[in-house]
Amino acid sequence: MAQPSLSVSSSFTYDVFLSFRGIDTRNNFTGNLYNSLDQNCIHTFIDEEEIQKGVQIIPALLQAIQQSRIFIVIFSKNYASSTFCLNELVMILDCSNTGHLFLPVFYNVGIERALIQLKS
């Protein structure tokens, strides 16, 4: 029996866009999640794999966000302390209001603490 997989519709380049604080999760949770998605043929945007050196990062990220169907945001201990991550989150939330799926993941942080960090 064939395994079901996400398939990219013609309007999406990526099935999933991963937003994360690199120093917190790149070499553990996010790296493992990316590898698992990739091994299951789920086309996933992750900054170090998809953005070429010399490309302006903000326009490239915005384009990738707009071309993604699902957003997985990994809220970790230092996610909300990064202006870059928060700006990326704003772009994601703008797009998620247009019918894209938004999946928050709270990694190694209580949900109450994450919500407090986001409000500050």
# chains A, B, ... in the order shown; residues from 1 in each chain; ligands from 1
$ select_by_dssp --residues "region 14-100 of chain A" --states "strand (DSSP E)" --output "PyMOL selection string"
chain A and resi 14-19+44-45+68-75
$ residues_around --residues "Val90 (chain A)" --least-positions-apart "4" --cutoff "12 Å" --atoms "only C-alpha atoms" --output "ChimeraX atom specification"
/A:19,61-62,65,71,73,80,83-86,94-97,118
$ write_last_selection --atoms "N, CA, C and O atoms" --output "PDB file, in the first residue's frame"
ATOM      1  N   SER A  19      10.240  27.613  11.088  1.00  0.00           N
ATOM      2  CA  SER A  19      10.731  28.822  11.737  1.00  0.00           C
ATOM      3  C   SER A  19      11.248  28.422  13.114  1.00  0.00           C
ATOM      4  O   SER A  19      10.523  27.788  13.894  1.00  0.00           O
ATOM      5  N   LEU A  61      13.269  35.036   2.456  1.00  0.00           N
ATOM      6  CA  LEU A  61      12.400  34.433   3.472  1.00  0.00           C
ATOM      7  C   LEU A  61      10.935  34.763   3.214  1.00  0.00           C
ATOM      8  O   LEU A  61      10.076  33.884   3.320  1.00  0.00           O
ATOM      9  N   LEU A  62      10.649  36.000   2.894  1.00  0.00           N
ATOM     10  CA  LEU A  62       9.272  36.394   2.623  1.00  0.00           C
ATOM     11  C   LEU A  62       8.714  35.592   1.451  1.00  0.00           C
ATOM     12  O   LEU A  62       7.593  35.089   1.512  1.00  0.00           O
ATOM     13  N   ILE A  65       8.061  32.054   2.618  1.00  0.00           N
ATOM     14  CA  ILE A  65       6.869  32.018   3.472  1.00  0.00           C
ATOM     15  C   ILE A  65       5.613  32.062   2.610  1.00  0.00           C
ATOM     16  O   ILE A  65       4.689  31.265   2.793  1.00  0.00           O
ATOM     17  N   PHE A  71       3.101  26.178   8.066  1.00  0.00           N
ATOM     18  CA  PHE A  71       4.159  26.815   8.862  1.00  0.00           C
ATOM     19  C   PHE A  71       4.294  26.058  10.176  1.00  0.00           C
ATOM     20  O   PHE A  71       3.311  25.902  10.900  1.00  0.00           O
ATOM     21  N   VAL A  73       6.272  26.547  13.553  1.00  0.00           N
ATOM     22  CA  VAL A  73       7.089  27.483  14.333  1.00  0.00           C
ATOM     23  C   VAL A  73       7.496  26.785  15.615  1.00  0.00           C
ATOM     24  O   VAL A  73       6.640  26.357  16.391  1.00  0.00           O
ATOM     25  N   ALA A  80      11.707  34.113  21.229  1.00  0.00           N
ATOM     26  CA  ALA A  80      11.126  35.450  21.342  1.00  0.00           C
ATOM     27  C   ALA A  80      12.161  36.533  21.638  1.00  0.00           C
ATOM     28  O   ALA A  80      11.864  37.717  21.516  1.00  0.00           O
ATOM     29  N   THR A  83      14.838  39.361  17.416  1.00  0.00           N
ATOM     30  CA  THR A  83      14.051  40.270  16.574  1.00  0.00           C
ATOM     31  C   THR A  83      13.821  39.644  15.207  1.00  0.00           C
ATOM     32  O   THR A  83      12.741  39.755  14.635  1.00  0.00           O
ATOM     33  N   PHE A  84      14.836  38.969  14.696  1.00  0.00           N
ATOM     34  CA  PHE A  84      14.715  38.318  13.395  1.00  0.00           C
ATOM     35  C   PHE A  84      13.602  37.271  13.414  1.00  0.00           C
ATOM     36  O   PHE A  84      12.764  37.219  12.505  1.00  0.00           O
ATOM     37  N   CYS A  85      13.579  36.414  14.453  1.00  0.00           N
ATOM     38  CA  CYS A  85      12.534  35.394  14.568  1.00  0.00           C
ATOM     39  C   CYS A  85      11.154  36.031  14.693  1.00  0.00           C
ATOM     40  O   CYS A  85      10.188  35.563  14.079  1.00  0.00           O
ATOM     41  N   LEU A  86      11.056  37.091  15.466  1.00  0.00           N
ATOM     42  CA  LEU A  86       9.754  37.746  15.648  1.00  0.00           C
ATOM     43  C   LEU A  86       9.275  38.391  14.354  1.00  0.00           C
ATOM     44  O   LEU A  86       8.078  38.335  14.033  1.00  0.00           O
ATOM     45  N   ASP A  94       0.804  36.811   9.042  1.00  0.00           N
ATOM     46  CA  ASP A  94       0.106  37.495   7.952  1.00  0.00           C
ATOM     47  C   ASP A  94      -0.355  36.498   6.898  1.00  0.00           C
ATOM     48  O   ASP A  94      -1.478  36.570   6.406  1.00  0.00           O
ATOM     49  N   CYS A  95       0.507  35.560   6.543  1.00  0.00           N
ATOM     50  CA  CYS A  95       0.156  34.554   5.534  1.00  0.00           C
ATOM     51  C   CYS A  95      -0.815  33.515   6.085  1.00  0.00           C
ATOM     52  O   CYS A  95      -1.663  33.012   5.351  1.00  0.00           O
ATOM     53  N   SER A  96      -0.695  33.188   7.371  1.00  0.00           N
ATOM     54  CA  SER A  96      -1.592  32.173   7.932  1.00  0.00           C
ATOM     55  C   SER A  96      -3.024  32.677   7.979  1.00  0.00           C
ATOM     56  O   SER A  96      -3.961  31.887   8.019  1.00  0.00           O
ATOM     57  N   ASN A  97      -3.212  33.988   7.931  1.00  0.00           N
ATOM     58  CA  ASN A  97      -4.556  34.560   7.886  1.00  0.00           C
ATOM     59  C   ASN A  97      -5.210  34.355   6.528  1.00  0.00           C
ATOM     60  O   ASN A  97      -6.384  34.660   6.354  1.00  0.00           O
ATOM     61  N   LEU A 118       6.162  36.218  24.114  1.00  0.00           N
ATOM     62  CA  LEU A 118       5.598  36.789  22.900  1.00  0.00           C
ATOM     63  C   LEU A 118       4.871  38.098  23.167  1.00  0.00           C
ATOM     64  O   LEU A 118       4.846  38.980  22.314  1.00  0.00           O
TER      65      LEU A 118
END
$ atom_distance --atom1 "CA of Met91 (chain A)" --atom2 "CA of Phe75 (chain A)"
15.5 Å
$ closest_residue --among "A:Asn35, A:Leu18, A:Phe29, A:Pro59" --to "Leu103 (chain A)" --atoms "only C-alpha atoms"
A:Leu18
$ closest_residue --among "A:Tyr107, A:Phe45, A:Phe102, A:Tyr34" --to "Gln67 (chain A)" --atoms "only C-alpha atoms"
A:Phe45
$ atom_distance --atom1 "CA of Phe12 (chain A)" --atom2 "CA of Val105 (chain A)"
22.4 Å
$ residues_around --residues "His43 (chain A)" --least-positions-apart "5" --cutoff "7 Å" --atoms "only C-alpha atoms" --output "ChimeraX atom specification"
/A:14-16,38
$ write_last_selection --atoms "all heavy atoms" --output "mmCIF file, in the first residue's frame"
data_model
loop_
_atom_site.group_PDB
_atom_site.id
_atom_site.type_symbol
_atom_site.label_atom_id
_atom_site.label_comp_id
_atom_site.auth_asym_id
_atom_site.auth_seq_id
_atom_site.Cartn_x
_atom_site.Cartn_y
_atom_site.Cartn_z
ATOM 1 N N TYR A 14 6.770 25.037 -1.412
ATOM 2 C CA TYR A 14 7.120 24.226 -0.242
ATOM 3 C C TYR A 14 5.864 23.698 0.428
ATOM 4 O O TYR A 14 4.854 24.390 0.512
ATOM 5 C CB TYR A 14 7.915 25.055 0.781
ATOM 6 C CG TYR A 14 9.174 25.637 0.216
ATOM 7 C CD1 TYR A 14 9.227 26.963 -0.189
ATOM 8 C CD2 TYR A 14 10.317 24.852 0.064
ATOM 9 C CE1 TYR A 14 10.382 27.500 -0.732
ATOM 10 C CE2 TYR A 14 11.477 25.387 -0.482
ATOM 11 C CZ TYR A 14 11.497 26.705 -0.878
ATOM 12 O OH TYR A 14 12.644 27.232 -1.416
ATOM 13 N N ASP A 15 5.976 22.475 0.936
ATOM 14 C CA ASP A 15 4.909 21.928 1.770
ATOM 15 C C ASP A 15 4.960 22.579 3.152
ATOM 16 O O ASP A 15 3.944 22.951 3.707
ATOM 17 C CB ASP A 15 5.063 20.415 1.926
ATOM 18 C CG ASP A 15 4.876 19.666 0.624
ATOM 19 O OD1 ASP A 15 3.880 19.928 -0.069
ATOM 20 O OD2 ASP A 15 5.731 18.827 0.300
ATOM 21 N N VAL A 16 6.181 22.707 3.691
ATOM 22 C CA VAL A 16 6.373 23.172 5.071
ATOM 23 C C VAL A 16 7.476 24.225 5.121
ATOM 24 O O VAL A 16 8.499 24.104 4.447
ATOM 25 C CB VAL A 16 6.755 21.988 5.994
ATOM 26 C CG1 VAL A 16 7.078 22.468 7.409
ATOM 27 C CG2 VAL A 16 5.659 20.938 6.022
ATOM 28 N N ASP A 38 12.036 15.466 5.203
ATOM 29 C CA ASP A 38 12.741 15.262 3.936
ATOM 30 C C ASP A 38 12.718 13.782 3.525
ATOM 31 O O ASP A 38 12.466 13.460 2.361
ATOM 32 C CB ASP A 38 14.174 15.779 4.059
ATOM 33 C CG ASP A 38 14.929 15.737 2.748
ATOM 34 O OD1 ASP A 38 14.435 16.332 1.754
ATOM 35 O OD2 ASP A 38 16.008 15.119 2.708
#
$ atom_distance --atom1 "CA of Leu93 (chain A)" --atom2 "CA of Phe17 (chain A)"
12.3 Å
$ select_by_dssp --residues "region 16-103 of chain A" --states "helix (DSSP H, G or I)" --output "ChimeraX atom specification"
/A:22-25,29-39,47-50,57-66,79-81,83-96
$ closest_residue --among "A:Leu33, A:Val109, A:Ala64, A:Ile74" --to "Asp47 (chain A)" --atoms "only C-alpha atoms"
A:Ala64
$ residues_around --residues "Gly22 (chain A)" --least-positions-apart "2" --cutoff "10 Å" --atoms "only C-alpha atoms" --output "list in words"
Ser19, Phe20, Asp24, Thr25, Arg26, Asn27, Asn28, Thr30, Gly31, Asp47, Glu48, Ser76, Asn78, Tyr79 and Cys85 of chain A
